[in-house]
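Structure file input-v1.cif with mmCIF, C-alpha atoms; chains and numbers go by the auth columns:
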data_run
loop_
_atom_site.group_PDB
_atom_site.id
_atom_site.type_symbol
_atom_site.label_atom_id
_atom_site.label_comp_id
_atom_site.label_asym_id
_atom_site.label_seq_id
_atom_site.Cartn_x
_atom_site.Cartn_y
_atom_site.Cartn_z
_atom_site.B_iso_or_equiv
_atom_site.auth_seq_id
_atom_site.auth_asym_id
ATOM 1 C CA MET A 1 100.000 88.087 72.578 0.00 1 S
ATOM 2 C CA SER A 2 103.408 88.989 74.009 0.00 2 S
ATOM 3 C CA GLU A 3 106.347 86.662 74.251 0.00 3 S
ATOM 4 C CA ALA A 4 105.734 83.566 76.331 0.00 4 S
ATOM 5 C CA GLU A 5 108.042 82.660 79.206 0.00 5 S
ATOM 6 C CA GLY A 6 110.084 80.476 76.864 0.00 6 S
ATOM 7 C CA GLY A 7 110.656 83.498 74.619 0.00 7 S
ATOM 8 C CA SER A 8 108.560 82.442 71.630 0.00 8 S
ATOM 9 C CA ALA A 9 105.374 84.168 70.533 0.00 9 S
ATOM 10 C CA ILE A 10 102.122 82.238 70.813 0.00 10 S
ATOM 11 C CA ASN A 11 99.589 82.461 67.991 0.00 11 S
ATOM 12 C CA LEU A 12 96.258 82.548 69.815 0.00 12 S
ATOM 13 C CA ASP A 13 94.244 82.315 66.580 0.00 13 S
ATOM 14 C CA GLN A 14 95.494 78.780 65.999 0.00 14 S
ATOM 15 C CA MET A 15 94.337 77.565 69.421 0.00 15 S
ATOM 16 C CA SER A 16 91.008 75.925 70.199 0.00 16 S
ATOM 17 C CA LEU A 17 88.543 77.444 72.661 0.00 17 S
ATOM 18 C CA GLU A 18 89.484 74.769 75.181 0.00 18 S
ATOM 19 C CA GLU A 19 93.205 75.543 74.837 0.00 19 S
ATOM 20 C CA LEU A 20 92.505 79.267 75.122 0.00 20 S
ATOM 21 C CA ASN A 21 90.421 78.736 78.242 0.00 21 S
ATOM 22 C CA GLN A 22 93.184 76.633 79.789 0.00 22 S
ATOM 23 C CA MET A 23 95.778 79.298 78.946 0.00 23 S
ATOM 24 C CA ARG A 24 93.534 82.021 80.401 0.00 24 S
ATOM 25 C CA GLN A 25 93.218 80.049 83.640 0.00 25 S
ATOM 26 C CA GLN A 26 97.005 79.644 83.806 0.00 26 S
ATOM 27 C CA GLU A 27 97.520 83.362 83.274 0.00 27 S
ATOM 28 C CA GLU A 28 94.897 84.193 85.913 0.00 28 S
ATOM 29 C CA SER A 29 96.664 81.890 88.397 0.00 29 S
ATOM 30 C CA ARG A 30 99.946 83.550 87.509 0.00 30 S
ATOM 31 C CA LEU A 31 98.359 86.971 88.031 0.00 31 S
ATOM 32 C CA GLN A 32 97.071 85.936 91.441 0.00 32 S
ATOM 33 C CA ALA A 33 100.523 84.662 92.488 0.00 33 S
ATOM 34 C CA LEU A 34 102.189 87.845 91.230 0.00 34 S
ATOM 35 C CA SER A 35 99.669 89.994 93.104 0.00 35 S
ATOM 36 C CA GLY A 36 100.464 88.062 96.275 0.00 36 S
ATOM 37 C CA ARG A 37 104.191 88.559 95.706 0.00 37 S
ATOM 38 C CA TYR A 38 103.632 92.277 95.170 0.00 38 S
ATOM 39 C CA ALA A 39 101.696 92.500 98.449 0.00 39 S
ATOM 40 C CA GLN A 40 104.531 90.698 100.268 0.00 40 S
ATOM 41 C CA LEU A 41 107.098 93.102 98.840 0.00 41 S
ATOM 42 C CA ARG A 42 105.041 96.139 99.857 0.00 42 S
ATOM 43 C CA ALA A 43 104.575 94.717 103.378 0.00 43 S
ATOM 44 C CA ALA A 44 108.339 94.132 103.648 0.00 44 S
ATOM 45 C CA ALA A 45 109.012 97.687 102.474 0.00 45 S
ATOM 46 C CA ALA A 46 106.574 99.001 105.103 0.00 46 S
ATOM 47 C CA ARG A 47 108.360 97.024 107.843 0.00 47 S
ATOM 48 C CA LEU A 48 111.721 98.322 106.654 0.00 48 S
ATOM 49 C CA ASN A 49 110.422 101.900 106.613 0.00 49 S
ATOM 50 C CA ALA A 50 109.122 101.447 110.172 0.00 50 S
ATOM 51 C CA SER A 51 112.570 100.175 111.163 0.00 51 S
ATOM 52 C CA GLN A 52 114.192 103.205 109.522 0.00 52 S
ATOM 53 C CA THR A 53 111.894 105.489 111.493 0.00 53 S
ATOM 54 C CA ALA A 54 112.738 103.716 114.755 0.00 54 S
ATOM 55 C CA VAL A 55 116.495 103.930 114.056 0.00 55 S
ATOM 56 C CA SER A 56 116.251 107.619 113.136 0.00 56 S
ATOM 57 C CA GLU A 57 114.530 108.328 116.459 0.00 57 S
ATOM 58 C CA LEU A 58 117.457 106.886 118.412 0.00 58 S
ATOM 59 C CA SER A 59 119.865 109.424 119.846 0.00 59 S
ATOM 60 C CA PRO A 60 122.482 109.495 122.594 0.00 60 S
ATOM 61 C CA ALA A 61 119.661 110.712 124.868 0.00 61 S
ATOM 62 C CA SER A 62 117.921 107.367 124.281 0.00 62 S
ATOM 63 C CA GLU A 63 120.457 105.608 126.502 0.00 63 S
ATOM 64 C CA GLY A 64 118.744 104.104 129.532 0.00 64 S
ATOM 65 C CA LYS A 65 115.298 104.541 128.016 0.00 65 S
ATOM 66 C CA GLU A 66 112.883 101.686 128.681 0.00 66 S
ATOM 67 C CA VAL A 67 111.601 99.768 125.662 0.00 67 S
ATOM 68 C CA MET A 68 109.591 96.632 125.007 0.00 68 S
ATOM 69 C CA VAL A 69 111.779 93.910 123.513 0.00 69 S
ATOM 70 C CA PRO A 70 109.895 91.366 121.389 0.00 70 S
ATOM 71 C CA LEU A 71 110.431 87.701 122.231 0.00 71 S
ATOM 72 C CA THR A 72 107.896 86.651 119.578 0.00 72 S
ATOM 73 C CA GLU A 73 105.392 88.590 117.489 0.00 73 S
ATOM 74 C CA SER A 74 103.031 88.815 120.428 0.00 74 S
ATOM 75 C CA VAL A 75 105.237 88.425 123.533 0.00 75 S
ATOM 76 C CA TYR A 76 107.422 91.248 124.842 0.00 76 S
ATOM 77 C CA VAL A 77 109.700 91.852 127.841 0.00 77 S
ATOM 78 C CA PRO A 78 110.777 95.200 129.263 0.00 78 S
ATOM 79 C CA GLY A 79 114.325 96.268 128.528 0.00 79 S
ATOM 80 C CA LYS A 80 116.631 99.289 128.566 0.00 80 S
ATOM 81 C CA ILE A 81 118.723 100.751 125.775 0.00 81 S
ATOM 82 C CA ARG A 82 122.379 100.416 126.806 0.00 82 S
ATOM 83 C CA ASP A 83 124.061 101.958 123.760 0.00 83 S
ATOM 84 C CA PRO A 84 121.858 103.591 121.125 0.00 84 S
ATOM 85 C CA ASN A 85 124.681 103.389 118.577 0.00 85 S
ATOM 86 C CA LYS A 86 125.050 99.585 118.782 0.00 86 S
ATOM 87 C CA LEU A 87 122.179 97.817 117.075 0.00 87 S
ATOM 88 C CA LEU A 88 121.629 94.164 116.226 0.00 88 S
ATOM 89 C CA VAL A 89 120.439 93.912 112.649 0.00 89 S
ATOM 90 C CA GLU A 90 118.927 90.774 111.144 0.00 90 S
ATOM 91 C CA ILE A 91 120.732 90.203 107.864 0.00 91 S
ATOM 92 C CA GLY A 92 119.054 86.918 107.029 0.00 92 S
ATOM 93 C CA THR A 93 116.936 84.233 108.581 0.00 93 S
ATOM 94 C CA GLY A 94 118.141 84.144 112.166 0.00 94 S
ATOM 95 C CA PHE A 95 121.498 85.829 111.458 0.00 95 S
ATOM 96 C CA PHE A 96 122.268 89.081 113.273 0.00 96 S
ATOM 97 C CA VAL A 97 125.144 91.531 112.983 0.00 97 S
ATOM 98 C CA GLU A 98 126.006 94.415 115.289 0.00 98 S
ATOM 99 C CA LYS A 99 125.970 97.714 113.398 0.00 99 S
ATOM 100 C CA SER A 100 126.097 101.400 114.217 0.00 100 S
ATOM 101 C CA SER A 101 122.974 103.518 113.776 0.00 101 S
ATOM 102 C CA LYS A 102 124.467 105.030 110.629 0.00 102 S
ATOM 103 C CA ASP A 103 125.358 101.618 109.133 0.00 103 S
ATOM 104 C CA THR A 104 121.947 100.247 110.100 0.00 104 S
ATOM 105 C CA SER A 105 120.235 103.156 108.373 0.00 105 S
ATOM 106 C CA ALA A 106 122.331 102.608 105.223 0.00 106 S
ATOM 107 C CA PHE A 107 121.540 98.867 105.321 0.00 107 S
ATOM 108 C CA LEU A 108 117.804 99.570 105.637 0.00 108 S
ATOM 109 C CA ASP A 109 117.980 102.106 102.784 0.00 109 S
ATOM 110 C CA ARG A 110 119.514 99.460 100.505 0.00 110 S
ATOM 111 C CA LYS A 111 116.846 96.940 101.514 0.00 111 S
ATOM 112 C CA VAL A 112 114.018 99.432 100.850 0.00 112 S
ATOM 113 C CA LYS A 113 115.483 100.262 97.422 0.00 113 S
ATOM 114 C CA LEU A 114 115.721 96.545 96.636 0.00 114 S
ATOM 115 C CA CYS A 115 112.072 96.022 97.662 0.00 115 S
ATOM 116 C CA ASP A 116 111.009 98.999 95.562 0.00 116 S
ATOM 117 C CA ALA A 117 112.934 97.755 92.511 0.00 117 S
ATOM 118 C CA ASN A 118 111.455 94.271 92.888 0.00 118 S
ATOM 119 C CA SER A 119 107.981 95.787 93.305 0.00 119 S
ATOM 120 C CA ASP A 120 108.449 97.763 90.089 0.00 120 S
ATOM 121 C CA ASN A 121 109.526 94.599 88.235 0.00 121 S
ATOM 122 C CA VAL A 122 106.550 92.650 89.559 0.00 122 S
ATOM 123 C CA THR A 123 104.238 95.518 88.581 0.00 123 S
ATOM 124 C CA LYS A 124 105.528 95.348 84.997 0.00 124 S
ATOM 125 C CA ILE A 125 105.020 91.583 84.888 0.00 125 S
ATOM 126 C CA ILE A 126 101.497 92.019 86.309 0.00 126 S
ATOM 127 C CA GLN A 127 100.689 94.494 83.509 0.00 127 S
ATOM 128 C CA VAL A 128 101.962 92.097 80.826 0.00 128 S
ATOM 129 C CA THR A 129 99.989 89.237 82.378 0.00 129 S
ATOM 130 C CA GLN A 130 96.830 91.368 82.427 0.00 130 S
ATOM 131 C CA GLN A 131 97.389 92.207 78.758 0.00 131 S
ATOM 132 C CA ASN A 132 97.839 88.491 78.012 0.00 132 S
ATOM 133 C CA ILE A 133 94.548 87.683 79.729 0.00 133 S
ATOM 134 C CA GLU A 134 92.811 90.444 77.796 0.00 134 S
ATOM 135 C CA SER A 135 94.230 89.165 74.486 0.00 135 S
ATOM 136 C CA ILE A 136 93.132 85.624 75.277 0.00 136 S
ATOM 137 C CA GLN A 137 89.628 86.792 76.204 0.00 137 S
ATOM 138 C CA MET A 138 89.316 88.850 73.021 0.00 138 S
ATOM 139 C CA THR A 139 90.436 85.870 70.924 0.00 139 S
ATOM 140 C CA MET A 140 87.936 83.633 72.722 0.00 140 S
ATOM 141 C CA GLN A 141 85.140 86.133 72.081 0.00 141 S
ATOM 142 C CA GLY A 142 86.090 86.300 68.395 0.00 142 S
ATOM 143 C CA LYS A 143 86.054 82.514 68.095 0.00 143 S
ATOM 144 C CA MET A 144 82.671 82.336 69.839 0.00 144 S
ATOM 145 C CA LEU A 145 81.269 84.938 67.419 0.00 145 S
ATOM 146 C CA GLU A 146 82.590 82.883 64.491 0.00 146 S
ATOM 147 C CA ILE A 147 80.889 79.772 65.858 0.00 147 S
ATOM 148 C CA ARG A 148 77.594 81.637 66.338 0.00 148 S
ATOM 149 C CA ALA A 149 77.802 83.094 62.830 0.00 149 S
ATOM 150 C CA ARG A 150 78.404 79.638 61.379 0.00 150 S
ATOM 151 C CA GLN A 151 75.450 78.248 63.331 0.00 151 S
ATOM 152 C CA GLU A 152 73.209 81.110 62.186 0.00 152 S
ATOM 153 C CA GLY A 153 74.353 80.559 58.611 0.00 153 S
ATOM 154 C CA GLN A 154 73.512 76.883 58.859 0.00 154 S
ATOM 155 C CA ARG A 155 70.076 77.654 60.351 0.00 155 S
ATOM 156 C CA HIS A 156 69.390 80.202 57.623 0.00 156 S
ATOM 157 C CA LYS A 157 70.501 77.756 54.932 0.00 157 S
ATOM 158 C CA ALA A 158 68.290 75.049 56.428 0.00 158 S
ATOM 159 C CA SER A 159 65.296 77.390 56.538 0.00 159 S
ATOM 160 C CA ILE A 160 65.836 78.401 52.900 0.00 160 S
ATOM 161 C CA GLU A 161 66.142 74.761 51.862 0.00 161 S
ATOM 162 C CA GLY A 162 62.951 74.052 53.839 0.00 162 S
ATOM 163 C CA CYS A 163 61.154 76.854 52.007 0.00 163 S
ATOM 164 C CA ASP A 164 62.434 75.578 48.647 0.00 164 S
ATOM 165 C CA ARG A 165 61.105 72.110 49.460 0.00 165 S
ATOM 166 C CA PHE A 166 57.803 73.599 50.563 0.00 166 S
ATOM 167 C CA TYR A 167 57.425 75.558 47.314 0.00 167 S
ATOM 168 C CA PHE A 168 58.537 72.559 45.259 0.00 168 S
ATOM 169 C CA LEU A 169 55.977 70.299 46.949 0.00 169 S
ATOM 170 C CA GLN A 170 53.332 73.002 46.605 0.00 170 S
ATOM 171 C CA SER A 171 54.069 73.382 42.905 0.00 171 S
ATOM 172 C CA LEU A 172 53.759 69.593 42.466 0.00 172 S
ATOM 173 C CA ALA A 173 50.411 69.632 44.232 0.00 173 S
ATOM 174 C CA CYS A 174 49.158 72.512 42.079 0.00 174 S
ATOM 175 C CA SER A 175 50.207 70.862 38.829 0.00 175 S
ATOM 176 C CA LYS A 176 48.081 67.785 39.532 0.00 176 S
#

Once you've parsed the file, please lay out its structure as structure tokens.
Amino acid sequence: MSEAEGGSAINLDQMSLEELNQMRQQEESRLQALSGRYAQLRAAAARLNASQTAVSELSPASEGKEVMVPLTESVYVPGKIRDPNKLLVEIGTGFFVEKSSKDTSAFLDRKVKLCDANSDNVTKIIQVTQQNIESIQMTMQGKMLEIRARQEGQRHKASIEGCDRFYFLQSLACSK
């Protein structure tokens, strides 16, 4: 298995089935959380790309054009564009800065690149986590095969011992 989060390698062969199962469940939970994070990043990138498209469609001819201004996600009011080169850009939770169309476009480009880079990093972590799960499952299967083989060996040994006893008792009966 690859390096654990703490940086040390984990020897799966030395773990019990119960420990392996617990580790697999942890990795599966981690995978689910990472997949959710990836989806959030892709949704953010899509919103930023939509914003870039909207900004690129603004021109001096847009002045006076009627638009719907969102008050909430589902409530809008009519408005008019006063100056298509002066945009309010949200730079953080509830913080807005006035920027030109060009500066807004550059800001959105940086944000999209950041989302893409983070998405790539999360994708790599997802791949490692999937490999970890696969390694754990393979180790679990190997341990289960060992247990079955031991049980079969014990059954076979018991049946042979049973046959030996049968022949021994039969030979005693014949000698009388």

Mind working out the centre and edge lengths of an axis-aligned box for region 36-41 of chain S, all listed atoms inside, 4 Å added to each side, rounded to one decimal in Å and written as AutoDock Vina command-line options?
--center_x 103.8 --center_y 90.6 --center_z 97.7 --size_x 14.6 --size_y 13.0 --size_z 13.1

Give me the result of the PyMOL selection byres ((chain S and resi 107-111) around 10) on this file, residue by residue, as a list in words.
Ala44, Ala45, Leu48, Asn49, Ala50, Ser51, Gln52, Val55, Val89, Ile91, Lys99, Ser101, Lys102, Asp103, Thr104, Ser105, Ala106, Val112, Lys113, Leu114, Cys115, Asp116 and Ala117 of chain S

For the residues in the current selection, export C-alpha atoms as a PDB file, keeping the file's coordinate frame.
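That gives us selection04.pdb:
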ATOM      1  CA  ALA S  44     108.339  94.132 103.648  1.00  0.00           C
ATOM      2  CA  ALA S  45     109.012  97.687 102.474  1.00  0.00           C
ATOM      3  CA  LEU S  48     111.721  98.322 106.654  1.00  0.00           C
ATOM      4  CA  ASN S  49     110.422 101.900 106.613  1.00  0.00           C
ATOM      5  CA  ALA S  50     109.122 101.447 110.172  1.00  0.00           C
ATOM      6  CA  SER S  51     112.570 100.175 111.163  1.00  0.00           C
ATOM      7  CA  GLN S  52     114.192 103.205 109.522  1.00  0.00           C
ATOM      8  CA  VAL S  55     116.495 103.930 114.056  1.00  0.00           C
ATOM      9  CA  VAL S  89     120.439  93.912 112.649  1.00  0.00           C
ATOM     10  CA  ILE S  91     120.732  90.203 107.864  1.00  0.00           C
ATOM     11  CA  LYS S  99     125.970  97.714 113.398  1.00  0.00           C
ATOM     12  CA  SER S 101     122.974 103.518 113.776  1.00  0.00           C
ATOM     13  CA  LYS S 102     124.467 105.030 110.629  1.00  0.00           C
ATOM     14  CA  ASP S 103     125.358 101.618 109.133  1.00  0.00           C
ATOM     15  CA  THR S 104     121.947 100.247 110.100  1.00  0.00           C
ATOM     16  CA  SER S 105     120.235 103.156 108.373  1.00  0.00           C
ATOM     17  CA  ALA S 106     122.331 102.608 105.223  1.00  0.00           C
ATOM     18  CA  VAL S 112     114.018  99.432 100.850  1.00  0.00           C
ATOM     19  CA  LYS S 113     115.483 100.262  97.422  1.00  0.00           C
ATOM     20  CA  LEU S 114     115.721  96.545  96.636  1.00  0.00           C
ATOM     21  CA  CYS S 115     112.072  96.022  97.662  1.00  0.00           C
ATOM     22  CA  ASP S 116     111.009  98.999  95.562  1.00  0.00           C
ATOM     23  CA  ALA S 117     112.934  97.755  92.511  1.00  0.00           C
TER      24      ALA S 117
END

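Across the structure, CA of Ala9 (chain S) and CA of Ser135 (chain S) are spaced 12.8 Å apart.
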
Just how far from CA of Ser119 (chain S) is CA of Met23 (chain S), in Å to one decimal?
25.0 Å

Evaluating the PyMOL selection byres ((chain S and resi 33-41) around 9) on the displayed file yields which residues, as number ranges by chain?
S: 28-32, 42-46, 115-116, 118-120, 122-123, 125-126

Counting only C-alpha atoms, the residue of S:Pro78, S:Ile136, S:Glu98, S:Leu12 that sits nearest Gln26 (chain S)
S:Ile136

Quick one: distance from CA of Glu18 (chain S) to CA of Gln154 (chain S) in Å, one decimal?
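Answer for the CA of Glu18 (chain S) to CA of Gln154 (chain S) separation: 22.9 Å.
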
Which one of S:Arg24, S:Glu19, S:Pro60, S:Tyr76 sits closest to Met138 (chain S) if you count all atoms listed in the file?
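Using all atoms listed in the file, Met138 (chain S) sits closest to S:Arg24.
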
For region 13-15 of chain S, work out the shell of residues within 10 Å, counting all atoms listed in the file and skipping chain neighbours fewer than 6 positions away, then give it as a ChimeraX atom specification.
/S:21,23,136,139-140,142-143

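When all atoms listed in the file are used to measure the gap to Lys80 (chain S), the shortest distance among S:Ala54, S:Phe96, S:Ser16, S:Glu63 belongs to S:Glu63.
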
Closest to Leu87 (chain S) among S:Gln127, S:Gln151, S:Ser100, S:Asn121, using only C-alpha atoms?
S:Ser100
